[in-house]
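See structure below.
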Amino acid sequence: MHDDRSITEHRLRRVLKERIKPAVHSRPLPLAVERWEAPGEPVPVAEGLAAPYGPCAIGDSWGPAWGTTWFKVTGTVPAEWAGRTVEAVLDLGFDRMMPGFQCEGLVHRADGSEVKALNPYNDWVRVADPAAGGEQVEWYVEAASNPVLVDHSATYEGDRQTSGEQPLYRLARMDLAVFETEVWELVQDLEVLHDLMTQLGEADARRYEILRAIDAALDAVDLGDVPGTAGAARTCLTAVLAAPAHASAHRISAVGHAHIDSAWLWPLRETVRKVSRTTSNVVSLMDAHPEFVFAMSQAQQLEWIKTHRPELFERIKKKIADGQFVPVGGMWVESDTNMVGGEAMARQFLYGKKFFLDEFGIETHNVWLPDSFGYTAAMPQIVKLSGSKWFLTQKICWSQVNAFPHHTFWWEGIDGTRVFTHFPPVDTYNSDLGGAQLAHAASNYREKGRGSRSLVPFGWGDGGGGPTREHLARARRQRDLEGSPRVEIERPDAFFEKAHAEYADAPVWAGELYLELHRGTYTSQAKTKQGNRHSESLLREAELWAATAAVRVPGYAYPYEDLERIWKTVLLHQFHDILPGSSIAWVHREARATYAEVREELRGITLAAQSALAGEGAVELVFNCAPHTRRGVPAGGAGPAQAPAGQHRVTVEERHGGGHVLANGRLLVEIDGRGLIVSAYDLEARREALAPGRAANLLQIHPDFPNMWDAWDIDAFYRNSVTDLVELDALEVAEAGPDAVTVRVARSFGRSAAVQSITLRAGAKTVDLVTEVDWHESEKFLKAAFPLDVKAERSASETQFGHVYRATHTNTSWEAAKFEICAHRWIHVEEPGWGTAILNDSTYGHDVTRDVRPDGGQTTTVRLSLLRAPRYPDPETDQGAHTLRFSLAPGAEIADAVREGHALNLPERVLRGAAPVAPLLSVDDDAVVVEAVKLAEDRSGDVVVRLYESRGGRARACLKADFRIAEATESDLLERPLPGQAVSAPAADGAVALTLRPFQILTVRLRRP
């Protein structure tokens, strides 16, 4: 029987490939084809339609990398085809690899409206069903010659500025043909049954029943007349396709989907076209298949369609109203979650959900992040505060070491909030609904005996494409088919409702969903990461001072439109292949330019608001945007800076044996003759921060050639080889004054150079470090090491609205896998009574290790990951000049880390004016951090303040407003009232009492009379 099965399988594969599939489109009739090459970037449709077309023939080469070629195709349906289904087959030169990673096309009518898109598995266009004969075809194909960039080799094709001009594709086919419906249905029958048969066990009688049916069907096909005998062949399969599934069969909720990376191996401008191509196919498929349901996330992508394809947007709106097209996710884009700042994550939901509500009247309830590279432990609370209640991810199945133990579970965040979460066991968000994938979903499902269902997103994705009619055919056949899970196409919310109902007591996973892969994304493309962090900080400043001016200064207009537009630009660049640094060179080149524009515009908004507040005058005012008082200037206010009483001046002396000694009465810092910090003594605690015999601020370089996914990954074996950068080009005191001393250290290594400035300031408990690197290495990894004399069982890393603890030991494989971790503005290690923080202004990747010294003590080494140099997908990753700022804070508690981290990221601004500016809002407990101050989105003039408890404890605080308050309301992230009890009614003096649990996020809306 085994031999019989093998023979049948080989027979089936050949007959399908060589006879049956080619017979789906019969009687091919060539269409007339003309072409026009668009110069430069894509042109508007009207320009493409009106262009001067020239001759073109099948077999002609076309399309340099990133070019656009317009093809005009014309023809007439023969009269003898009357009553038949007629389609055009338009093959641009596809190589049948996954759609979205090669050439693509969008077919337009002569009036400019779209018909549908073309890709390797969707190369047909329906002409008539049935045809009357004589129908005229006139279509215009906007064909994108996107290069194939998926082979993981270094290439300069990833940027229009460096790609070649040679044509990449050859026009393969442009035909009218008769669509043989029965032949197509036979193909679907045979493929579904074959896939099912191969998944059944050797001892399963069902397997051999299907085998015999396939043999009979193939016998019934006349290879010389496939269309004429397809019906008879299908009859042989009727019984095996009609056998119902077992009552205990796993239940699949199939959701049409097309994960479209908002940028990756293509630039943003191409994604604008990708989403139009995909959704044009989707809505056309819905017209023919009313059971089809499609879920689409990323409000940004729908806004692109609204802007660039308004007629398509109206079709989508109609399908949304009909319930077939389902907005999901509620975020502006499917962002990274590890590195996005707290307020930016809140705005992902604010602007995403607001778009869905404003445009479609829909409140999304699920968070849809199938492909992001791990998920912050702050997310559950943010999800709940957005008005969402379910979370979906897929990427955790990529983890290298540990299999995640659940597929349906409650995810608990750092504050204790839980969100019902599903991790589809099919292990892909691009399912083909084939037998192998469905069988894997059923066998892989970890909730057996408690739950009975899982969700499967189906359709071509990453580069778009979406579901096809073949996917829907498989779903229909497997809705109730013996040996297969039961497949039902339905909306995601329907799945979550059913899954929650049957498994409400699902297990709990507390903490982050750490992806044991793609750890290099915390570091790759340093300028993109720096642009993001700085933009987040500048937005905080602009909103704070603009809100203050709007309340205080008559005639000042709060820049609602400008701030929303800038926020959306920053949110877009937090997409999970832009901010992580895993896109082509074009994307990051444009990101650098965009961040520069954002910086200048936000500085202009901030200066205008500060000038309005300061008035005309000669008083030097320091504007303090940080959430804590510094140099006597209150948080959110402006005034003359003050030196603390008893503050020591900074001194510098020559160090015995070479180097320098810096002191300010709080810290004593020794820099040796190599330019390394060998002592950071806490004078107040009488405690040395650095491990004996070890040096801090030590630059180290490693080879960096991961097994795969260059820009994404670092593998643990990179640590096996390390070079300490200790050779010195120059060591000098660059500045020596009573307020600050700076020592400058210059080094060169490989083809690169680094200049580090080590600064101690009067009154400071931090050593400030500025590292300027001219980086020209390839496949290298640059780190900065701080070996600390601390026995720390765990590290604390800032994340959104709090911090997360991670073990410093490797007792388990789960802990060992976290050899690279993400932190925002600070990372902290301590033993009871004393600790140290390392602060940064734009670095996210870190590692923390500990070892035992000969003296019996333990050293905990914290390292910052500064730069990488992967070759794919951008062969010039991080090449050039960088300025990176970080600080060492000996003796710091977590409260100090929070304060100093904000201070480093939110520098003071100095402006001359008439008088000090009092804070618009103040909080009397430093544990409660003000994250944002803004005016309400509804333009009511209400003031919105977002706060959080920052230390992991409970807090009672008083929020004091320097304006009259009619009402104080606890709100969600969309600034809608919540039935909370954390906010009291405002007192007569504008004070509002607050009660916060550990790490609680609290949004307070203050209505002005």
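Ligands are numbered from 1 in the order shown, residues from 1 within each chain, and chains are lettered A, B, ... in the order they appear in the structure tokens.
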Picked from range 365-435 of chain A by DSSP as helix (DSSP H, G or I), as a ChimeraX atom specification: /A:379-385,395-398,435
Written file, previous selection with N, CA and C atoms, as a compact mmCIF listing (two decimals), in the first residue's frame:
# COMPACT_ATOMS: atom_id res chain seq x y z
N MET A 379 2.30 46.38 28.28
CA MET A 379 1.24 46.38 27.28
C MET A 379 -0.15 46.05 27.83
N PRO A 380 -0.33 45.05 28.71
CA PRO A 380 -1.70 44.74 29.13
C PRO A 380 -2.47 45.94 29.68
N GLN A 381 -1.83 46.76 30.50
CA GLN A 381 -2.53 47.92 31.04
C GLN A 381 -2.86 48.92 29.94
N ILE A 382 -1.94 49.13 29.01
CA ILE A 382 -2.18 50.05 27.91
C ILE A 382 -3.34 49.56 27.05
N VAL A 383 -3.37 48.25 26.80
CA VAL A 383 -4.45 47.66 26.02
C VAL A 383 -5.79 47.93 26.69
N LYS A 384 -5.86 47.67 27.98
CA LYS A 384 -7.12 47.86 28.70
C LYS A 384 -7.54 49.32 28.71
N LEU A 385 -6.58 50.22 28.92
CA LEU A 385 -6.91 51.63 28.97
C LEU A 385 -7.31 52.18 27.60
N LYS A 395 4.37 36.01 16.71
CA LYS A 395 5.82 35.97 16.55
C LYS A 395 6.54 35.14 17.60
N ILE A 396 5.92 34.94 18.75
CA ILE A 396 6.61 34.21 19.82
C ILE A 396 6.98 32.79 19.39
N CYS A 397 6.31 32.26 18.37
CA CYS A 397 6.67 30.92 17.90
C CYS A 397 8.06 30.90 17.27
N TRP A 398 8.64 32.07 17.00
CA TRP A 398 9.97 32.13 16.41
C TRP A 398 11.08 31.96 17.45
N GLY A 435 -3.72 21.49 4.26
CA GLY A 435 -3.85 20.43 5.25
C GLY A 435 -2.71 20.38 6.24
Contacts of Gln1000 in chain A at 10 Å (only C-alpha atoms; same-chain gap of 6+ positions) as a PyMOL selection string: chain A and resi 378+381-382+414-417+801-802+928+947-950+952-955+982
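Across the structure, CA of Leu268 in chain A and CA of Leu572 in chain A are spaced 9.6 Å apart.
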Surrounding residues of range 575-588 of chain A excluding itself and chain neighbours under 3 positions, 9 Å, only C-alpha atoms, as a ChimeraX atom specification: /A:156-161,261-268,333-337,339-340,371-373,520-529,532,571-572,591-593,709-712,872-877
DSSP strand (DSSP E or B) selection over range 910-980 of chain A, as a ChimeraX atom specification: /A:910-913,917,921-923,928-935,943-949,955-961,967-971,977
How about saving the chosen residues, C-alpha atoms kept, as a PDB file, in the first residue's frame?
ATOM      1  CA  VAL A 910      17.197  78.823  28.036  1.00  0.00           C
ATOM      2  CA  LEU A 911      15.275  81.881  26.866  1.00  0.00           C
ATOM      3  CA  ARG A 912      15.243  85.511  27.943  1.00  0.00           C
ATOM      4  CA  GLY A 913      11.922  86.864  29.108  1.00  0.00           C
ATOM      5  CA  VAL A 917       6.666  80.904  34.380  1.00  0.00           C
ATOM      6  CA  LEU A 921       0.272  71.536  36.782  1.00  0.00           C
ATOM      7  CA  SER A 922       2.267  70.120  39.650  1.00  0.00           C
ATOM      8  CA  VAL A 923       2.325  66.888  41.642  1.00  0.00           C
ATOM      9  CA  VAL A 928       4.141  60.039  40.495  1.00  0.00           C
ATOM     10  CA  VAL A 929       5.575  61.100  37.164  1.00  0.00           C
ATOM     11  CA  VAL A 930       3.793  63.409  34.742  1.00  0.00           C
ATOM     12  CA  GLU A 931       4.180  61.769  31.333  1.00  0.00           C
ATOM     13  CA  ALA A 932       2.222  64.243  29.216  1.00  0.00           C
ATOM     14  CA  VAL A 933       0.315  67.511  29.441  1.00  0.00           C
ATOM     15  CA  LYS A 934      -1.823  68.467  26.462  1.00  0.00           C
ATOM     16  CA  LEU A 935      -5.144  69.881  25.409  1.00  0.00           C
ATOM     17  CA  VAL A 943      -6.436  69.968  29.836  1.00  0.00           C
ATOM     18  CA  VAL A 944      -5.374  66.316  29.788  1.00  0.00           C
ATOM     19  CA  VAL A 945      -2.570  65.089  32.006  1.00  0.00           C
ATOM     20  CA  ARG A 946      -1.187  61.553  31.975  1.00  0.00           C
ATOM     21  CA  LEU A 947       0.682  60.335  35.054  1.00  0.00           C
ATOM     22  CA  TYR A 948       2.036  57.040  36.330  1.00  0.00           C
ATOM     23  CA  GLU A 949       3.427  55.571  39.524  1.00  0.00           C
ATOM     24  CA  ALA A 955       1.106  56.402  45.969  1.00  0.00           C
ATOM     25  CA  ARG A 956      -1.188  59.131  47.183  1.00  0.00           C
ATOM     26  CA  ALA A 957      -0.532  62.438  45.525  1.00  0.00           C
ATOM     27  CA  CYS A 958      -2.063  65.820  45.002  1.00  0.00           C
ATOM     28  CA  LEU A 959      -2.353  67.129  41.466  1.00  0.00           C
ATOM     29  CA  LYS A 960      -2.448  70.924  41.631  1.00  0.00           C
ATOM     30  CA  ALA A 961      -3.646  72.977  38.669  1.00  0.00           C
ATOM     31  CA  GLU A 967     -14.371  68.931  36.927  1.00  0.00           C
ATOM     32  CA  ALA A 968     -11.623  66.308  37.108  1.00  0.00           C
ATOM     33  CA  THR A 969     -12.348  62.991  35.374  1.00  0.00           C
ATOM     34  CA  GLU A 970     -10.363  59.789  35.143  1.00  0.00           C
ATOM     35  CA  SER A 971     -10.224  58.954  31.442  1.00  0.00           C
ATOM     36  CA  PRO A 977     -14.541  59.009  31.123  1.00  0.00           C
TER      37      PRO A 977
END
Polymer residues at most 10 Å from Asn444 in chain A, only C-alpha atoms, same-chain spacing of 4 or more positions, as a ChimeraX atom specification: /A:407,424-427,438-440,448
Shell of 9 Å around Lys389 in chain A, only C-alpha atoms, local chain residues under 4 positions omitted, as an NGL selection string: :A and (365-367 or 380 or 383-384 or 418-421)
Test item: residues at most 10 Å from range 643-648 of chain A, only C-alpha atoms, excluding those fewer than 3 positions along its chain, as a PyMOL selection string: chain A and resi 630-632+651+663-666+738-739+761-764
Counting only C-alpha atoms, the option among A:Val24, A:Cys822, A:Ile214, A:Val150 closest to Trp124 in chain A: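 Closest candidate: A:Val24.
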Nearest to Arg687 in chain A, chosen from A:Leu544, A:Val862, A:Ala892, A:Ala596, with only C-alpha atoms counted in the distances: A:Ala892
Among listed residues A:Ala494, A:Val192, A:Ile671, A:Ala547, nearest Gly657 in chain A (using only C-alpha atoms):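 Answer, going by the shortest atom-to-atom distance: A:Ile671.
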Shell of 8 Å around Ile827 in chain A, only C-alpha atoms, local chain residues under 3 positions omitted, as JSON, numbers by chain: {"A": [795, 796, 797, 798, 823, 824, 837, 838, 839, 897]}
